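> Once you've had a glance at the structure underneath, I'll fire off some questions.
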Amino acid sequence: MSYNQTQTDSTPYIAHALVVDDDAGLRQTLSMALRREGYKISEAADGVTAFKMAQNTPFDLVITDVRMPGMSGLELLQNLRRICPRTLVIVMTAYDKKELAYDAVREGAYSYFSKPLNLSDLQIIIRHALEKQQLQHKLDSLHLKLIEQNTFPDMVGESQAMQKVYTAVRRVLDNDITVLITGESGTGKEIVARAIHNQSIRNSHDFIAVNCAAIPETLLESELFGHEKGSFTGAVSRRIGKFESANGGTLLLDEIGDMPLSLQAKILRVLQEGEITRIGANKPVKVDVRLIAATNQNLPELVKEGKFRQDLYYRLNAYPITIPPLRDRDGDLPLLIKYFVNKANSAFGRDCIGFTSEALTCLENYLWPGNIRELQNVIQRAVLLADKPLADVHTLIEDIQMAPPRPKQKRTPPPADAISPTVPISENDTQDINAIHNKLDEIFLNDNLNFHQKVDTFREVLEQYLIRQALLECDSQREKTANLLGVTRKTLYSKIKQYHIDPNIDNEEE
Ligand SMILES: Nc1ncnc2c1ncn2[C@@H]1O[C@H](COP(=O)(O)OP(=O)(O)OP(=O)(O)O)[C@@H](O)[C@H]1O
Ligand SMILES: [Mg+2]
C-alpha cells in the first residue's frame, strides 16, 4: 500500500517499490529478493520509463542505478523530487563512484549503497526506509485525527488563525448570545454559523439562513415575520415567517449590511423583546431564536454613512467572530486541498491523489481573493481535467499558473507553553518501531497536551528515532550520518545534544 492511499490501522501495510536498472540480471535478482520480503515490486530498465511510471503510480520507494543511458539516476531523483517529493529514493553506484552517491544524498536521496550488492545490507536499508514511510503514514493519520478532534465536522483548518475561530465558537455554544460573523467573501461565514447551531443545544430544531441581499426590500419583512391573510395585496393566506419557523433553533441573517433601515428597527425590537408581529396581526408572538448575523461589509463604516443603525450594530456585535482570509491561514492550504480533492473524487468518480510540486507552488503563491469557495472551485476543475493521478499546472486557471512568488513570511515563534511538552521521551521510546507507534498513540491520547504540543512532541519522537537509526547505520560516524540524514554536521550535533543521544557530546568539538 502506498502512503497516498487511505489505510486503517488494521490493514497490513504493503509497501510498493520501483527497481530501476539497465542491468536486467541485477534488477531481477534485487526485485526477486524484495518480493520475497513481502513488498510489491515494479521494475524499469531506464530512467525515462521509471519517471513515466512514477507519474502514474505513487511509489513508496524507488531504488535506482546512477549510471544509465538516457536519464541518469541523479536526473531521475531530481525529477521525482519535483513531482512526488515524498517518494524515498535509494541510489546504487559502483564502489569506485561513491562521490556520485554523496551528490545524490545532497540532492535529497534517502540513502545509497555500492555495487556489487550485498543483499542483506541492502534489505536492512530498505526496511528502514519503508519503516520511515510507515511512520510518516502513522503521523499523517494521527494528524488527521487530531484535526478532527480539534475542529468541527466539515471545517478544515488548523492554523493559529482558525484555532482562534474554533475557540470563539466553542465559547458561544452554551449560551444564546447574538453572534456577528464577519469576513471576506467565501471565507466560511455560513459554515461557522452552521457549526454554532449544530454543536449547540438548539441542534434538534432548525437552522434557517436568510440572505438579506437576495430578497427585495418589499418582501423581506414578510419573509422574516410572516403575514396574516389579506394583510396586503397578494397575501391570500396566512404565512409563517422565518423567525417563527426557526423557533427553538437558529436564524442566520446573512448579508445583514444590506438590510433596509426600516427593517433594522424591527430586528432590534425582536432582540429586545423576544417577540415578533406578523404583518397585519394585532398581537405579537413569542419566539425563542438564537440570532446570528453575517456580513462581508464594514458595518462601522455603514453606521458612519447612516446606512446601518448604530444601536443594532452594538447589539449584534455583542459577540463578534472574524473569519480570516485564506491567505492568512498559515498551513491550512495543503489540508484544504487534500479535503477538496477527496470530495471532488467522490463527486466525480475520479482517482486524483493530489498535485505535482510545481502545481502546489502555484496554488501556494496565489492570494485567493475568493477564499475557500474559490479554492473549492479550482480544485474541482483540476480534478476533472487531470489525466494523471497527480494533477499538473495545466489543470489550473491562468491567474494561478502566473501567480508571482509570495514574499517569505517570518514565522512567529510558538508561545513558550507550546514548546516544552510535558511528555517525557525516553531512549527506549525512540529505538524501536513498535515503541514509536505506542508513543505516538500515547501522545495522541494525552489530554494534558494541546494540539501544537502534540505535533511538536510527535516531531521530537520521530527526529530521535531517525537520528538513532542513522547513527546505527553509519557506525556512529557523524559525517556519514549527517549526509545520510541530509542535514549539516552542526544540526546533527545540536540534535544529538538536545536529545541526549550521546552523553559524551559535550566534550566533543562542535
Ligand atoms: N474551513 C472550511 N473547511 C471546509 N470547507 C469550507 C471551510 N470554510 C468554508 N468552506 C466551504 O467553502 C464554501 C464557502 O463557504 P461559506 O458559504 O460558508 O462562505 P461565506 O463566507 O458565507 O461566503 P459569502 O461571503 O460568499 O457568503 C462552502 O462550500 C463551504 O462549505
Ligand atoms: Mg455566505
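Identifiers in the C-alpha cells: chain A, B, ... in order shown; residue index from 1 per chain; ligand index from 1 in order shown.
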Could you please extract the residues within 10 Å of ligand 1, counting only C-alpha atoms and all ligand atoms, and hand them back as a VMD selection string?

chain A and resid 151 to 158 162 181 to 194 211 254 to 255 294 to 297 323 to 326 332 335 to 337 339 to 340 370 to 377

> List every residue of segment 253-450 of chain A that DSSP, applied to the backbone of this structure, places in strand (DSSP E), and write the result as a ChimeraX atom specification.

/A:253-254,275-276,285-286,290-295,319-322,354-355,390-391

> Extract, using only C-alpha atoms, all DNA, RNA and protein residues at most 10 Å from Gly257 of chain A, discarding same-chain residues fewer than 3 positions from it, and format them as a list of chain:residue names.

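After dropping sequence-adjacent residues, the list is A:Cys212, A:Ala213, A:Leu253, A:Asp254, A:Pro260, A:Leu261, A:Gln264, A:Ala293, A:Ala294, A:Thr295, A:Asn296, A:Gln297, A:Asn298, A:Leu299, A:Leu302, A:Val303, A:Lys307, A:Phe308, A:Tyr313.
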
> How many Å lie between atom CA of Leu363 of chain A and atom CA of Gly331 of chain A, rounded to one decimal?

12.5 Å

> Can you list, as a short mmCIF file (atom, residue, chain, number, x, y, z; two decimals) with all heavy atoms, in the first residue's frame, all residues belonging to segment 152-250 of chain A that DSSP tags as alpha helix (DSSP H)?


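out16.cif was written with the following content:
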```cif
data_model
loop_
_atom_site.label_atom_id
_atom_site.label_comp_id
_atom_site.auth_asym_id
_atom_site.auth_seq_id
_atom_site.Cartn_x
_atom_site.Cartn_y
_atom_site.Cartn_z
N GLN A 160 -3.18 28.89 13.35
CA GLN A 160 -3.43 29.67 14.58
C GLN A 160 -4.68 30.52 14.38
O GLN A 160 -5.50 30.65 15.28
CB GLN A 160 -2.25 30.62 14.84
CG GLN A 160 -0.96 29.92 15.18
CD GLN A 160 -0.89 29.56 16.65
OE1 GLN A 160 -1.72 29.98 17.43
NE2 GLN A 160 0.10 28.76 17.02
N ALA A 161 -4.80 31.10 13.16
CA ALA A 161 -5.93 32.00 12.90
C ALA A 161 -7.25 31.24 13.06
O ALA A 161 -8.21 31.76 13.63
CB ALA A 161 -5.81 32.57 11.50
N MET A 162 -7.29 29.98 12.58
CA MET A 162 -8.53 29.21 12.71
C MET A 162 -8.73 28.69 14.13
O MET A 162 -9.87 28.54 14.58
CB MET A 162 -8.56 28.05 11.70
CG MET A 162 -8.90 28.49 10.29
SD MET A 162 -10.41 29.48 10.16
CE MET A 162 -11.69 28.27 10.33
N GLN A 163 -7.62 28.43 14.83
CA GLN A 163 -7.77 27.98 16.24
C GLN A 163 -8.54 29.05 17.03
O GLN A 163 -9.37 28.73 17.87
CB GLN A 163 -6.41 27.76 16.91
CG GLN A 163 -5.57 26.67 16.30
CD GLN A 163 -6.20 25.29 16.44
OE1 GLN A 163 -7.03 25.06 17.32
NE2 GLN A 163 -5.85 24.40 15.55
N LYS A 164 -8.25 30.32 16.71
CA LYS A 164 -8.95 31.41 17.42
C LYS A 164 -10.45 31.35 17.12
O LYS A 164 -11.28 31.57 17.99
CB LYS A 164 -8.40 32.77 16.95
CG LYS A 164 -7.10 33.12 17.62
CD LYS A 164 -6.77 34.57 17.31
CE LYS A 164 -5.31 34.83 17.65
NZ LYS A 164 -4.75 35.93 16.88
N VAL A 165 -10.77 31.05 15.85
CA VAL A 165 -12.19 30.95 15.48
C VAL A 165 -12.85 29.80 16.24
O VAL A 165 -13.93 29.94 16.81
CB VAL A 165 -12.34 30.75 13.95
CG1 VAL A 165 -13.78 30.45 13.57
CG2 VAL A 165 -11.83 31.97 13.20
N TYR A 166 -12.17 28.62 16.28
CA TYR A 166 -12.76 27.47 16.97
C TYR A 166 -12.98 27.78 18.45
O TYR A 166 -14.02 27.43 19.02
CB TYR A 166 -11.86 26.23 16.86
CG TYR A 166 -11.60 25.79 15.44
CD1 TYR A 166 -10.34 25.36 15.04
CD2 TYR A 166 -12.61 25.81 14.49
CE1 TYR A 166 -10.09 24.96 13.73
CE2 TYR A 166 -12.37 25.43 13.18
CZ TYR A 166 -11.11 25.01 12.81
OH TYR A 166 -10.88 24.63 11.52
N THR A 167 -12.01 28.45 19.06
CA THR A 167 -12.17 28.79 20.48
C THR A 167 -13.37 29.71 20.66
O THR A 167 -14.19 29.52 21.56
CB THR A 167 -10.88 29.49 20.99
OG1 THR A 167 -9.79 28.66 20.68
CG2 THR A 167 -10.92 29.73 22.48
N ALA A 168 -13.46 30.70 19.77
CA ALA A 168 -14.59 31.65 19.88
C ALA A 168 -15.91 30.91 19.70
O ALA A 168 -16.88 31.16 20.42
CB ALA A 168 -14.44 32.74 18.82
N VAL A 169 -15.94 29.95 18.76
CA VAL A 169 -17.18 29.20 18.52
C VAL A 169 -17.51 28.35 19.75
O VAL A 169 -18.66 28.35 20.21
CB VAL A 169 -17.04 28.30 17.26
CG1 VAL A 169 -18.18 27.32 17.16
CG2 VAL A 169 -16.97 29.16 16.00
N ARG A 170 -16.51 27.67 20.29
CA ARG A 170 -16.76 26.80 21.46
C ARG A 170 -17.35 27.58 22.62
O ARG A 170 -18.24 27.13 23.30
CB ARG A 170 -15.46 26.13 21.90
CG ARG A 170 -15.34 24.76 21.34
CD ARG A 170 -14.14 24.05 21.91
NE ARG A 170 -13.45 23.42 20.81
CZ ARG A 170 -12.33 23.81 20.29
NH1 ARG A 170 -11.68 24.81 20.80
NH2 ARG A 170 -11.81 23.19 19.26
N ARG A 171 -16.82 28.80 22.84
CA ARG A 171 -17.28 29.59 23.98
C ARG A 171 -18.73 30.02 23.88
O ARG A 171 -19.36 30.32 24.87
CB ARG A 171 -16.42 30.85 24.12
CG ARG A 171 -15.07 30.51 24.65
CD ARG A 171 -14.40 31.72 25.27
NE ARG A 171 -13.08 31.34 25.67
CZ ARG A 171 -11.97 31.92 25.25
NH1 ARG A 171 -12.03 32.97 24.47
NH2 ARG A 171 -10.80 31.48 25.65
N VAL A 172 -19.23 30.06 22.67
CA VAL A 172 -20.57 30.63 22.49
C VAL A 172 -21.65 29.54 22.38
O VAL A 172 -22.83 29.83 22.32
CB VAL A 172 -20.52 31.56 21.25
CG1 VAL A 172 -20.83 30.83 19.98
CG2 VAL A 172 -21.37 32.76 21.45
N LYS A 189 -18.29 31.99 6.39
CA LYS A 189 -19.13 32.57 7.45
C LYS A 189 -20.35 31.69 7.72
O LYS A 189 -20.71 31.45 8.87
CB LYS A 189 -19.57 34.00 7.04
CG LYS A 189 -18.40 34.96 6.92
CD LYS A 189 -18.82 36.36 6.60
CE LYS A 189 -19.38 36.52 5.20
NZ LYS A 189 -18.40 36.24 4.13
N GLU A 190 -20.95 31.19 6.62
CA GLU A 190 -22.15 30.38 6.82
C GLU A 190 -21.80 29.05 7.49
O GLU A 190 -22.54 28.56 8.36
CB GLU A 190 -22.85 30.14 5.48
CG GLU A 190 -24.11 29.33 5.67
CD GLU A 190 -25.11 29.45 4.53
OE1 GLU A 190 -24.99 30.36 3.70
OE2 GLU A 190 -26.03 28.62 4.51
N ILE A 191 -20.66 28.49 7.12
CA ILE A 191 -20.29 27.19 7.68
C ILE A 191 -20.02 27.34 9.20
O ILE A 191 -20.32 26.45 9.99
CB ILE A 191 -19.10 26.60 6.90
CG1 ILE A 191 -19.20 25.09 6.88
CG2 ILE A 191 -17.76 26.97 7.43
CD1 ILE A 191 -18.23 24.42 5.97
N VAL A 192 -19.50 28.49 9.60
CA VAL A 192 -19.27 28.73 11.03
C VAL A 192 -20.61 28.90 11.75
O VAL A 192 -20.82 28.36 12.84
CB VAL A 192 -18.36 29.97 11.24
CG1 VAL A 192 -18.36 30.42 12.70
CG2 VAL A 192 -16.94 29.66 10.80
N ALA A 193 -21.54 29.61 11.11
CA ALA A 193 -22.87 29.77 11.72
C ALA A 193 -23.53 28.41 11.91
O ALA A 193 -24.12 28.12 12.96
CB ALA A 193 -23.73 30.67 10.83
N ARG A 194 -23.40 27.55 10.90
CA ARG A 194 -23.98 26.20 10.99
C ARG A 194 -23.30 25.39 12.10
O ARG A 194 -23.95 24.64 12.83
CB ARG A 194 -23.82 25.43 9.67
CG ARG A 194 -24.83 25.84 8.64
CD ARG A 194 -24.68 25.05 7.35
NE ARG A 194 -25.48 25.68 6.32
CZ ARG A 194 -26.78 25.49 6.18
NH1 ARG A 194 -27.42 24.65 6.97
NH2 ARG A 194 -27.47 26.13 5.24
N ALA A 195 -21.99 25.57 12.22
CA ALA A 195 -21.25 24.83 13.26
C ALA A 195 -21.76 25.25 14.64
O ALA A 195 -21.95 24.41 15.52
CB ALA A 195 -19.75 25.10 13.14
N ILE A 196 -22.00 26.54 14.82
CA ILE A 196 -22.51 27.01 16.11
C ILE A 196 -23.86 26.34 16.40
O ILE A 196 -24.10 25.81 17.49
CB ILE A 196 -22.66 28.56 16.12
CG1 ILE A 196 -21.28 29.20 16.03
CG2 ILE A 196 -23.41 29.03 17.37
CD1 ILE A 196 -21.30 30.71 15.90
N HIS A 197 -24.72 26.33 15.39
CA HIS A 197 -26.03 25.71 15.60
C HIS A 197 -25.90 24.20 15.87
O HIS A 197 -26.48 23.67 16.83
CB HIS A 197 -26.92 25.94 14.38
CG HIS A 197 -28.21 25.17 14.44
ND1 HIS A 197 -29.26 25.58 15.22
CD2 HIS A 197 -28.58 24.00 13.85
CE1 HIS A 197 -30.25 24.68 15.11
NE2 HIS A 197 -29.87 23.72 14.29
N ASN A 198 -25.13 23.53 15.02
CA ASN A 198 -25.06 22.06 15.11
C ASN A 198 -24.48 21.57 16.43
O ASN A 198 -24.80 20.47 16.88
CB ASN A 198 -24.21 21.49 13.96
CG ASN A 198 -24.94 21.65 12.64
OD1 ASN A 198 -26.16 21.80 12.61
ND2 ASN A 198 -24.19 21.64 11.55
N GLN A 199 -23.61 22.35 17.04
CA GLN A 199 -22.98 21.90 18.28
C GLN A 199 -23.71 22.45 19.52
O GLN A 199 -23.32 22.16 20.63
CB GLN A 199 -21.53 22.37 18.35
CG GLN A 199 -20.70 22.03 17.14
CD GLN A 199 -20.04 20.67 17.24
OE1 GLN A 199 -19.69 20.26 18.33
NE2 GLN A 199 -19.89 20.00 16.13
N GLU A 217 -36.64 44.36 -0.94
CA GLU A 217 -36.99 45.02 0.32
C GLU A 217 -38.46 44.80 0.69
O GLU A 217 -38.80 44.51 1.84
CB GLU A 217 -36.68 46.52 0.17
CG GLU A 217 -36.87 47.30 1.43
CD GLU A 217 -36.39 48.75 1.29
OE1 GLU A 217 -35.61 49.05 0.38
OE2 GLU A 217 -36.82 49.56 2.14
N THR A 218 -39.34 44.89 -0.33
CA THR A 218 -40.78 44.78 -0.06
C THR A 218 -41.16 43.39 0.46
O THR A 218 -42.15 43.23 1.17
CB THR A 218 -41.58 45.06 -1.34
OG1 THR A 218 -40.93 44.34 -2.40
CG2 THR A 218 -41.63 46.53 -1.68
N LEU A 219 -40.42 42.38 0.09
CA LEU A 219 -40.78 41.01 0.50
C LEU A 219 -40.06 40.56 1.77
O LEU A 219 -40.48 39.60 2.43
CB LEU A 219 -40.43 40.01 -0.61
CG LEU A 219 -41.19 40.15 -1.91
CD1 LEU A 219 -40.79 39.04 -2.88
CD2 LEU A 219 -42.71 40.07 -1.64
N LEU A 220 -38.95 41.26 2.10
CA LEU A 220 -38.10 40.77 3.18
C LEU A 220 -38.84 40.74 4.52
O LEU A 220 -38.71 39.79 5.30
CB LEU A 220 -36.83 41.63 3.27
CG LEU A 220 -35.76 41.12 4.22
CD1 LEU A 220 -35.34 39.69 3.90
CD2 LEU A 220 -34.51 42.04 4.19
N GLU A 221 -39.67 41.79 4.77
CA GLU A 221 -40.36 41.84 6.06
C GLU A 221 -41.29 40.63 6.21
O GLU A 221 -41.31 39.96 7.25
CB GLU A 221 -41.15 43.15 6.20
CG GLU A 221 -41.85 43.23 7.55
CD GLU A 221 -42.53 44.56 7.79
OE1 GLU A 221 -42.45 45.45 6.91
OE2 GLU A 221 -43.16 44.70 8.86
N SER A 222 -42.05 40.34 5.14
CA SER A 222 -42.97 39.20 5.20
C SER A 222 -42.19 37.90 5.32
O SER A 222 -42.58 36.98 6.03
CB SER A 222 -43.84 39.22 3.95
OG SER A 222 -44.27 37.94 3.65
N GLU A 223 -41.05 37.82 4.63
CA GLU A 223 -40.20 36.62 4.69
C GLU A 223 -39.75 36.37 6.13
O GLU A 223 -39.76 35.24 6.62
CB GLU A 223 -38.98 36.87 3.78
CG GLU A 223 -38.04 35.71 3.64
CD GLU A 223 -38.56 34.62 2.72
OE1 GLU A 223 -39.58 34.84 2.04
OE2 GLU A 223 -37.97 33.52 2.75
N LEU A 224 -39.40 37.45 6.83
CA LEU A 224 -38.86 37.28 8.18
C LEU A 224 -39.96 37.12 9.23
O LEU A 224 -39.87 36.28 10.13
CB LEU A 224 -38.00 38.50 8.57
CG LEU A 224 -36.66 38.63 7.82
CD1 LEU A 224 -35.98 39.94 8.17
CD2 LEU A 224 -35.75 37.46 8.17
N PHE A 225 -41.01 37.95 9.13
CA PHE A 225 -42.01 37.98 10.21
C PHE A 225 -43.32 37.28 9.85
O PHE A 225 -44.16 37.05 10.72
CB PHE A 225 -42.31 39.43 10.61
CG PHE A 225 -41.07 40.17 11.06
CD1 PHE A 225 -40.59 41.27 10.38
CD2 PHE A 225 -40.38 39.73 12.18
CE1 PHE A 225 -39.44 41.92 10.80
CE2 PHE A 225 -39.22 40.39 12.60
CZ PHE A 225 -38.75 41.48 11.91
N LYS A 242 -39.74 33.41 8.81
CA LYS A 242 -38.54 32.64 9.17
C LYS A 242 -38.27 32.66 10.68
O LYS A 242 -37.75 31.68 11.22
CB LYS A 242 -37.31 33.16 8.43
CG LYS A 242 -37.41 33.06 6.91
CD LYS A 242 -37.48 31.62 6.45
CE LYS A 242 -37.42 31.55 4.92
NZ LYS A 242 -37.89 30.29 4.39
N PHE A 243 -38.59 33.76 11.35
CA PHE A 243 -38.37 33.80 12.80
C PHE A 243 -39.19 32.71 13.48
O PHE A 243 -38.69 31.99 14.35
CB PHE A 243 -38.76 35.16 13.39
CG PHE A 243 -37.60 36.13 13.45
CD1 PHE A 243 -37.48 37.15 12.52
CD2 PHE A 243 -36.64 36.03 14.46
CE1 PHE A 243 -36.41 38.04 12.57
CE2 PHE A 243 -35.58 36.91 14.52
CZ PHE A 243 -35.46 37.92 13.57
N GLU A 244 -40.44 32.59 13.07
CA GLU A 244 -41.29 31.57 13.70
C GLU A 244 -40.86 30.15 13.29
O GLU A 244 -40.86 29.23 14.11
CB GLU A 244 -42.75 31.80 13.33
CG GLU A 244 -43.43 32.84 14.21
CD GLU A 244 -44.90 33.00 13.86
OE1 GLU A 244 -45.74 32.26 14.42
OE2 GLU A 244 -45.20 33.87 13.02
N SER A 245 -40.44 30.01 12.01
CA SER A 245 -40.00 28.67 11.56
C SER A 245 -38.76 28.22 12.32
O SER A 245 -38.55 27.04 12.53
CB SER A 245 -39.65 28.67 10.07
OG SER A 245 -40.72 29.12 9.32
#
```

> For the atom pair atom CA of Leu180 of chain A and atom CA of Ala318 of chain A, what is the interatomic distance in Å to one decimal place?

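Atom CA of Leu180 of chain A sits 7.5 Å away from atom CA of Ala318 of chain A.
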
> Check the smallest atom-to-atom distance from each of A:Ile201, A:Lys286, A:Ala359, A:Arg278 to Gly249 of chain A using only C-alpha atoms, then report the winner.

A:Ile201

> For a test of reading the model, state the distance in Å between atom CA of Ser42 of chain A and atom CA of Val20 of chain A, rounded to one decimal.

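Taking atom CA of Ser42 of chain A as the start and atom CA of Val20 of chain A as the end point, the length is 8.7 Å.
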
> Between A:Val461, A:Val91, A:Leu34, A:Ala44, which has the minimum distance to Asp65 of chain A (counting only C-alpha atoms)?

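Going through A:Val461, A:Val91, A:Leu34, A:Ala44 one by one, the smallest distance to Asp65 of chain A is for A:Val91.
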
> Smallest atom-to-atom distance to ligand 2: which of A:Val179, A:Ala101, A:Leu80, A:Ala214, using only C-alpha atoms and all ligand atoms?

A:Ala214
